[in-house]
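Peer 1: Just passing along the structure, written as structure tokens.
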Amino acid sequence: ICAVLAAVTEVIRSRGGKESETEYFAALMTTLEAVESPESLAAVAYLLNLVLKRVPSPVLIKKFSDASKAFMGIVSSQACSSSTSALRWVLSCLATLLRKQDLAAWSYPVTLQVYHGLLSFCVHTKPKVRKAAQYGVCSVLRGSEFMFGDAAPEHHPAAPSTAKFCVQEIEKAGGTKEATTTLHILALLRDLLPCFPAAVVKTCCETLLRVMTLSHVLVTACAMQAFHSLFSAQASVACLPAELNAQIITALYDYVPSTNDLQPLLTWLSTMERAHINLGRLQKDLCWAHLPRLFSAAMNCFLSPHSQVVATAAQTLETLLSECVAPHMDDLGTVSASAPAPATYLCKMFRSVEEGLTYRFHAAWDEVLRVLEVFFETCGKQCHPIMRKCLRSLCDLRLSPHFPYTAEVDQAVGAAVSAMGPEVLLEAVPLEIDGKEETLDFPRSWLLPVLRDYVQGARLSFFTSYFLPLAAALKSRALEFTQAGKSVEAKIYDTLQWQVWTLLPGFCTHPTDLLGAFKGLARTLGMAISERPDLRPTVCQALRTLIHKGCETDAERAEVGRFAKNFLPILFNVYSQPEEDGGSSAQRRSVLDTVRAYLTITDPQMVCGFLQKASEKLTSPESSEFARLSILDLVVAMAPYADEQSLGSLYHTIQPSLQSKERSMQKKAYRVLEEVCAAPHAPCQAFVRSHLQDLQAALLDSLKSAASPAKRPRLKCLCHIVKQLSVEHEPFITALVPEVILCTKEVSVGARKNAFVLLVEMGHAFIRFGPTPQEAMQRFLLLVYAGLTGSVTMISCTVLALTRLFFEFKDHLELSVVEQLLQNVCLLLASRTRDVVKAALGFLKVTLLLVDTKVLAKHVQAMLEAVGNLSDDMRRHFRMKLRNLFTKFIRKFGFELVKGLLPAEYHKVLVNIRKAEARSRKQRALRQAAADTDEEEAPPAQPRGDSMEEILADSEDEEEEEEERQRSKEWRKQARQKGQAWLKEGEEDEPLNFLDPNVSQRVLATEPGPKRSRGVSHDFQVSEDGRLIIHEEEEEVDDDEAKGADEEMADVLQDVGLRSKKSQKRRFREEPDDEEREAGTYPQYRAGGSGIHRQLDKEPAFGAEYRSKKGKGDVKKKGQLDPYAYIPLNRAGLNRRKRAKMQGQFKGLMKGAQRGAKAGRRNRQKAQRP
């Protein structure tokens, strides 16, 4: 190919050509007529196939006659040749040439003649030729250029003749044993049927149905696939009218496979599913008319012994319900048993599925219940009158003893509750609980948890009228039993009334009558919150749900917000009570969350009033400390919703608390400021802007008195303030720098995180101040550098701060600044303090990741020398950190350079690292090779490319053809095996009737055998002798290239606030050797090895439990196996060569057993003598 290409290119250049596609086309056509050898012909044809796709259409239209004549000449000469390369590429050229012709060209007989020449090769015996021809025909009919224009015809002009050819070939092949030609044509029709006009499609479908009567397994399967592709293509009405679609559906019922025939039945179900979905797209009413019959047929599949058939049948019904039925349910009114046409079909469908609850289907009840669940979801709202009987059957079924599918019944009934509503369900299936029961049976109490989980979009007034009186009756009955001293009965009724109350949050989810019903329920809810601590969490959850998911319109929000004056004081009082009266801490959190939710719909003026009263109580000397802390929590919740004037007075109230010695008061005062500064509401933002100077002064004054617990909200508050500062406030930020740096090592995780966030925010503020980002960052870093002259703690905090700033602002730092920073950190490695050295090593890791290798090369010697000069104690303590650091150095600069710059005591570690890296690379290569192998097994993609080199990369050679021939042989062998069919005999003594219209169901593609039980599958492979093969998981190898910045430096970034605590813990579990352990986290010691490390509690020898304590030998023990020698079976005993060797192994065993039995008998006789 390369030689031909080079020669053609040389010819074009010698004649002054521009090497355009047209010139290549002309030169290659000339070469095609001149070459003689098959190899050269194949090479030229391959290059022509590539070039033709890029040649302008007008050129190919003009040269069609000459080009097609040349191609047809080669096709006729190569048709019987043993080599297929040239023929397949010429056929591809013909297809491309025909695809580029305009609509007018197809009116000439010569065009159709050329096309029919291509079409005739679709049944060629050579697979590659046949595939090339079939692909070419499909590309012509479906991809011709005039088919995509504005005046495109409905179908290709050659489509009718193509269909006629296919039908003739199938009829010509008839019912021959192999049916090879028929299979080839069916494979072609699978792609072409959606391109044919309606009349032709009808003829082809009739032919397909006729050929399926042959009961040839492969032919039937291929015909089904052709039907499936026709329906899946969603063809237009011009191709597949609704009436024809319906006729095909009716005809396919004559070819229903046996329920024992796995693969054909799955194909039939899939085809019928696509057929009905396509019919629903074309004409909804006709589709609905055909659905009942399919539902009946699919329910028969639930009796199949194959679990896969049952699952597929259930999935088919669920898909049909969701795609064909659900979109049109809103157009129907309420469906009853006597309703007219469309509703009648729904009734029939539901009865078919409902029949699945009979005992005949008990093996597939789980799938039947899932279908019923989907039926309830899609049609329950309109069809509940015809579903009530089914609901009663479900509830009765659930009460049957040892019923295994209670979870599925709960889900199905839950779907009915969601769709129909609780009123309909309780009319069909009464709860049978009224508080007057004589026995404590409650057979339908399981409905309460189901209602709780699935109620939504119901009437809130139904809860008020039905469930509230029921809860009151149950509570009074519980009190009666309590007074009578019957604690068990009282507990049962108390639990029931609590379960009734738990339904309330569901009723508050999207209620339909909120505007009219809430006022009748509000007083009861308020009393429950204040007087019933046991119901308080449930009622609070219901209120939150009502606010978040029930108030969808302004009118609804106003209606619920109208009762804020009643609910908020009750909630405030409950929250302000000590835990004995106000409930547990979880209850208090629930109350506070409810307050926050209610404040979102409360009138701001009312909030201001509440805030003023809270401020008065804060300053009141009568308030206890608990009350003041609780009030501050409520103030934190209310502050974001107050106006500017109220915020001003609130600020003056809490300002003294900022310097309070009571840590809790101070923390909550800062929380108030944090909420005000962070709130997006206009009054809060206006307050912050007007009091900016006061806030700065107050925060600086309270710096020295700030307690550790208050640091987190204080830093968050400062963060919000810094965002609003301008250049004149730079001194304020300068004063904050030392505090922020020290807070990077606070005990609180939240404080550390906020410190790093504030540090970054201060950097952004300096960049805002200008003049340039580089100068601004240099000015900011000078402030941070001052920390390097402080105490040991200050130095380590400063290095952490510099690491985070370097990570965030690396693009705004000049090279000289980075180099100076690096030199200073290298000097700090000589420190005697572990914290400082740890921070410096972390900085070096970040540097290795962020700085360019060329810049680092200047400093690598200084860095490694500083690391090499660490004291022995530091080296031992940070051995894992140093190992990771050296690994990164080796990856960046190579092993020899790093080894040469480090002292000899490090060389052993470096060699170990090199071995580990080599092992990792090897394992990565093996995994990559395995992945590549999997990709090769996948079907190859079509060659595409823009340049000639890319195109040539897709060329094929003779070896590939040989592989294709081998694969073709294997496929034919498998096809012969698959083509086998079995004939199922008559039941018992009944002879098989070949005139029976359902006799085709007796021809099976699956070998009939005894019904197999559905075994439990596991994920382990099994060896030939039945043993489980359990592979141990390979140790995960660190893939450096595939990891991002966070994964690469996880142990450093967690120190500088770039990694959450949760991920730290997860990583600590996954990679225990990548970081030294924190104090107190060492794993429990496990013995192993020799000497003092030996295992003391050795496992007992096998069979030791049978050993006699008094004498020799074993003894029988009650309830255990007899202590005999159980000899494992060995496959080697089946080998004739090894049989003689193994025969003698039992002789000594038997003699020993006989001697032992004889001795035992003698001893027993002695013991029995008088």
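Here's how to read the names in the structure tokens: chain A, B, ... by the order shown, residue numbers from 1 in each chain, ligand numbers from 1 in the order shown.
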Which residues of segment 367-468 of chain A have any atom within 8 Å of an atom in segment 331-338 of chain A when counting only C-alpha atoms, and what is the closest pair of atoms for each, with the distance in Å to one decimal? Order the rows by chain and rising number and write it as a tab-separated table.

Peer 2:
```
residue	atom	partner	partner_atom	distance
A:Lys381	CA	A:Thr334	CA	7.9
A:Gln382	CA	A:Thr334	CA	4.5
A:Cys383	CA	A:Val335	CA	4.8
A:His384	CA	A:Val335	CA	7.5
A:Pro385	CA	A:Ser336	CA	5.7
A:Ile386	CA	A:Ser336	CA	5.9
```

Peer 1: Just the selected residues (all heavy atoms), exported as a PDB file, in the first residue's frame, please.

Peer 2:
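Written file, again-v3.pdb:
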```pdb
ATOM      1  N   LYS A 381     -54.381   6.388  40.582  1.00  0.00           N
ATOM      2  CA  LYS A 381     -55.172   7.599  40.818  1.00  0.00           C
ATOM      3  C   LYS A 381     -56.535   7.503  40.146  1.00  0.00           C
ATOM      4  O   LYS A 381     -57.563   7.906  40.700  1.00  0.00           O
ATOM      5  CB  LYS A 381     -54.403   8.816  40.305  1.00  0.00           C
ATOM      6  CG  LYS A 381     -55.017  10.135  40.694  1.00  0.00           C
ATOM      7  CD  LYS A 381     -54.125  11.276  40.237  1.00  0.00           C
ATOM      8  CE  LYS A 381     -54.702  12.621  40.625  1.00  0.00           C
ATOM      9  NZ  LYS A 381     -53.862  13.744  40.169  1.00  0.00           N
ATOM     10  N   GLN A 382     -56.570   6.954  38.901  1.00  0.00           N
ATOM     11  CA  GLN A 382     -57.827   6.880  38.151  1.00  0.00           C
ATOM     12  C   GLN A 382     -58.517   5.526  38.299  1.00  0.00           C
ATOM     13  O   GLN A 382     -59.740   5.436  38.169  1.00  0.00           O
ATOM     14  CB  GLN A 382     -57.563   7.125  36.647  1.00  0.00           C
ATOM     15  CG  GLN A 382     -57.139   8.540  36.301  1.00  0.00           C
ATOM     16  CD  GLN A 382     -55.645   8.785  36.511  1.00  0.00           C
ATOM     17  OE1 GLN A 382     -54.909   7.852  36.826  1.00  0.00           O
ATOM     18  NE2 GLN A 382     -55.217  10.024  36.337  1.00  0.00           N
ATOM     19  N   CYS A 383     -57.752   4.465  38.548  1.00  0.00           N
ATOM     20  CA  CYS A 383     -58.323   3.114  38.490  1.00  0.00           C
ATOM     21  C   CYS A 383     -58.601   2.511  39.860  1.00  0.00           C
ATOM     22  O   CYS A 383     -58.774   1.289  39.967  1.00  0.00           O
ATOM     23  CB  CYS A 383     -57.367   2.179  37.733  1.00  0.00           C
ATOM     24  SG  CYS A 383     -57.081   2.671  36.037  1.00  0.00           S
ATOM     25  N   HIS A 384     -58.616   3.314  40.913  1.00  0.00           N
ATOM     26  CA  HIS A 384     -58.759   2.713  42.241  1.00  0.00           C
ATOM     27  C   HIS A 384     -60.054   1.924  42.437  1.00  0.00           C
ATOM     28  O   HIS A 384     -60.081   0.974  43.223  1.00  0.00           O
ATOM     29  CB  HIS A 384     -58.598   3.781  43.324  1.00  0.00           C
ATOM     30  CG  HIS A 384     -59.569   4.904  43.258  1.00  0.00           C
ATOM     31  ND1 HIS A 384     -60.840   4.811  43.761  1.00  0.00           N
ATOM     32  CD2 HIS A 384     -59.450   6.165  42.751  1.00  0.00           C
ATOM     33  CE1 HIS A 384     -61.470   5.962  43.574  1.00  0.00           C
ATOM     34  NE2 HIS A 384     -60.651   6.802  42.957  1.00  0.00           N
ATOM     35  N   PRO A 385     -61.181   2.242  41.720  1.00  0.00           N
ATOM     36  CA  PRO A 385     -62.372   1.397  41.941  1.00  0.00           C
ATOM     37  C   PRO A 385     -62.160  -0.063  41.562  1.00  0.00           C
ATOM     38  O   PRO A 385     -62.713  -0.957  42.216  1.00  0.00           O
ATOM     39  CB  PRO A 385     -63.434   2.060  41.049  1.00  0.00           C
ATOM     40  CG  PRO A 385     -62.991   3.480  40.926  1.00  0.00           C
ATOM     41  CD  PRO A 385     -61.505   3.421  40.888  1.00  0.00           C
ATOM     42  N   ILE A 386     -61.365  -0.328  40.508  1.00  0.00           N
ATOM     43  CA  ILE A 386     -61.184  -1.727  40.079  1.00  0.00           C
ATOM     44  C   ILE A 386     -60.021  -2.386  40.826  1.00  0.00           C
ATOM     45  O   ILE A 386     -59.776  -3.583  40.642  1.00  0.00           O
ATOM     46  CB  ILE A 386     -60.943  -1.810  38.556  1.00  0.00           C
ATOM     47  CG1 ILE A 386     -59.628  -1.105  38.179  1.00  0.00           C
ATOM     48  CG2 ILE A 386     -62.104  -1.252  37.787  1.00  0.00           C
ATOM     49  CD1 ILE A 386     -59.196  -1.343  36.749  1.00  0.00           C
TER      50      ILE A 386
END
```

Peer 1: What residues in segment 146-252 of chain A get the DSSP label alpha helix (DSSP H)? Please answer as a ChimeraX atom specification.

Peer 2: /A:159-173,180-192,198-212,217-232,242-252

Peer 1: Take the residues that were just selected and, keeping C-alpha atoms, output them as a short mmCIF file (atom, residue, chain, number, x, y, z; two decimals), in the first residue's frame.

Peer 2:
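Saved the output as part-v4.cif:
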```
data_model
loop_
_atom_site.label_atom_id
_atom_site.label_comp_id
_atom_site.auth_asym_id
_atom_site.auth_seq_id
_atom_site.Cartn_x
_atom_site.Cartn_y
_atom_site.Cartn_z
CA ALA A 159 -35.62 0.23 -1.88
CA PRO A 160 -38.46 -1.69 -3.67
CA SER A 161 -36.06 -3.62 -5.89
CA THR A 162 -33.85 -4.42 -2.87
CA ALA A 163 -36.86 -5.83 -1.00
CA LYS A 164 -37.86 -7.86 -4.08
CA PHE A 165 -34.32 -9.32 -4.25
CA CYS A 166 -34.45 -10.28 -0.56
CA VAL A 167 -37.83 -11.98 -0.88
CA GLN A 168 -36.73 -13.88 -3.99
CA GLU A 169 -33.55 -15.11 -2.33
CA ILE A 170 -35.45 -16.34 0.73
CA GLU A 171 -38.03 -18.14 -1.41
CA LYS A 172 -35.31 -19.60 -3.62
CA ALA A 173 -33.45 -20.96 -0.59
CA THR A 180 -27.32 -20.23 5.07
CA THR A 181 -28.59 -17.89 2.36
CA THR A 182 -31.77 -17.24 4.31
CA LEU A 183 -29.75 -16.29 7.38
CA HIS A 184 -27.60 -13.90 5.30
CA ILE A 185 -30.69 -12.21 3.86
CA LEU A 186 -32.33 -11.97 7.29
CA ALA A 187 -29.20 -10.26 8.61
CA LEU A 188 -29.49 -7.76 5.75
CA LEU A 189 -33.21 -7.20 6.33
CA ARG A 190 -32.54 -6.47 9.99
CA ASP A 191 -30.82 -3.24 8.90
CA LEU A 192 -32.95 -2.45 5.84
CA ALA A 198 -45.08 0.42 3.59
CA ALA A 199 -46.24 -1.90 0.78
CA VAL A 200 -42.81 -3.49 0.51
CA VAL A 201 -42.49 -3.79 4.31
CA LYS A 202 -45.75 -5.73 4.35
CA THR A 203 -44.46 -8.17 1.70
CA CYS A 204 -41.18 -8.65 3.57
CA CYS A 205 -42.97 -9.24 6.87
CA GLU A 206 -45.24 -11.85 5.27
CA THR A 207 -42.12 -13.60 3.95
CA LEU A 208 -40.51 -13.47 7.37
CA LEU A 209 -43.59 -14.98 8.98
CA ARG A 210 -43.70 -17.74 6.34
CA VAL A 211 -40.06 -18.64 6.85
CA MET A 212 -40.59 -18.79 10.64
CA VAL A 217 -34.23 -22.27 15.37
CA LEU A 218 -31.66 -19.86 13.92
CA VAL A 219 -33.97 -18.67 11.14
CA THR A 220 -36.72 -17.95 13.65
CA ALA A 221 -34.29 -16.06 15.89
CA CYS A 222 -32.96 -13.94 13.01
CA ALA A 223 -36.50 -13.17 11.79
CA MET A 224 -37.43 -12.04 15.30
CA GLN A 225 -34.36 -9.80 15.36
CA ALA A 226 -35.47 -8.26 12.06
CA PHE A 227 -38.91 -7.50 13.52
CA HIS A 228 -37.27 -6.11 16.66
CA SER A 229 -35.08 -3.72 14.64
CA LEU A 230 -38.10 -2.61 12.58
CA PHE A 231 -40.03 -1.64 15.71
CA SER A 232 -37.00 -0.17 17.52
CA ALA A 242 -50.23 1.62 12.61
CA GLU A 243 -52.51 -0.96 10.97
CA LEU A 244 -49.55 -2.97 9.66
CA ASN A 245 -47.87 -2.76 13.05
CA ALA A 246 -51.01 -4.15 14.65
CA GLN A 247 -51.26 -6.95 12.05
CA ILE A 248 -47.67 -8.03 12.73
CA ILE A 249 -48.41 -8.10 16.48
CA THR A 250 -51.43 -10.35 15.87
CA ALA A 251 -49.42 -12.63 13.58
CA LEU A 252 -46.58 -13.03 16.08
#
```

Peer 1: Show which residues sit within 10 Å of segment 868-885 of chain A, as an MDAnalysis selection string. Count only C-alpha atoms, and ignore same-chain residues fewer than 4 positions away.

Peer 2: chainID A and resid 829:834 837:838 841:842 844:845 848 862:864 889:890 901:906 909:910 912:913 1049 1051:1052 1073:1076

Peer 1: Excluding same-chain residues fewer than 3 positions from His116 of chain A, what lies within 12 Å of it counting only C-alpha atoms, as a ChimeraX atom specification?

Peer 2: /A:72,91,94-95,98,109-113,119-122,133-134,136-137,140,158-166

Peer 1: Could you please determine the separation between atom CA of Lys858 of chain A and atom CA of His812 of chain A in Å, to one decimal place?

Peer 2: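 If I compute the distance from atom CA of Lys858 of chain A to atom CA of His812 of chain A, I get 20.9 Å.
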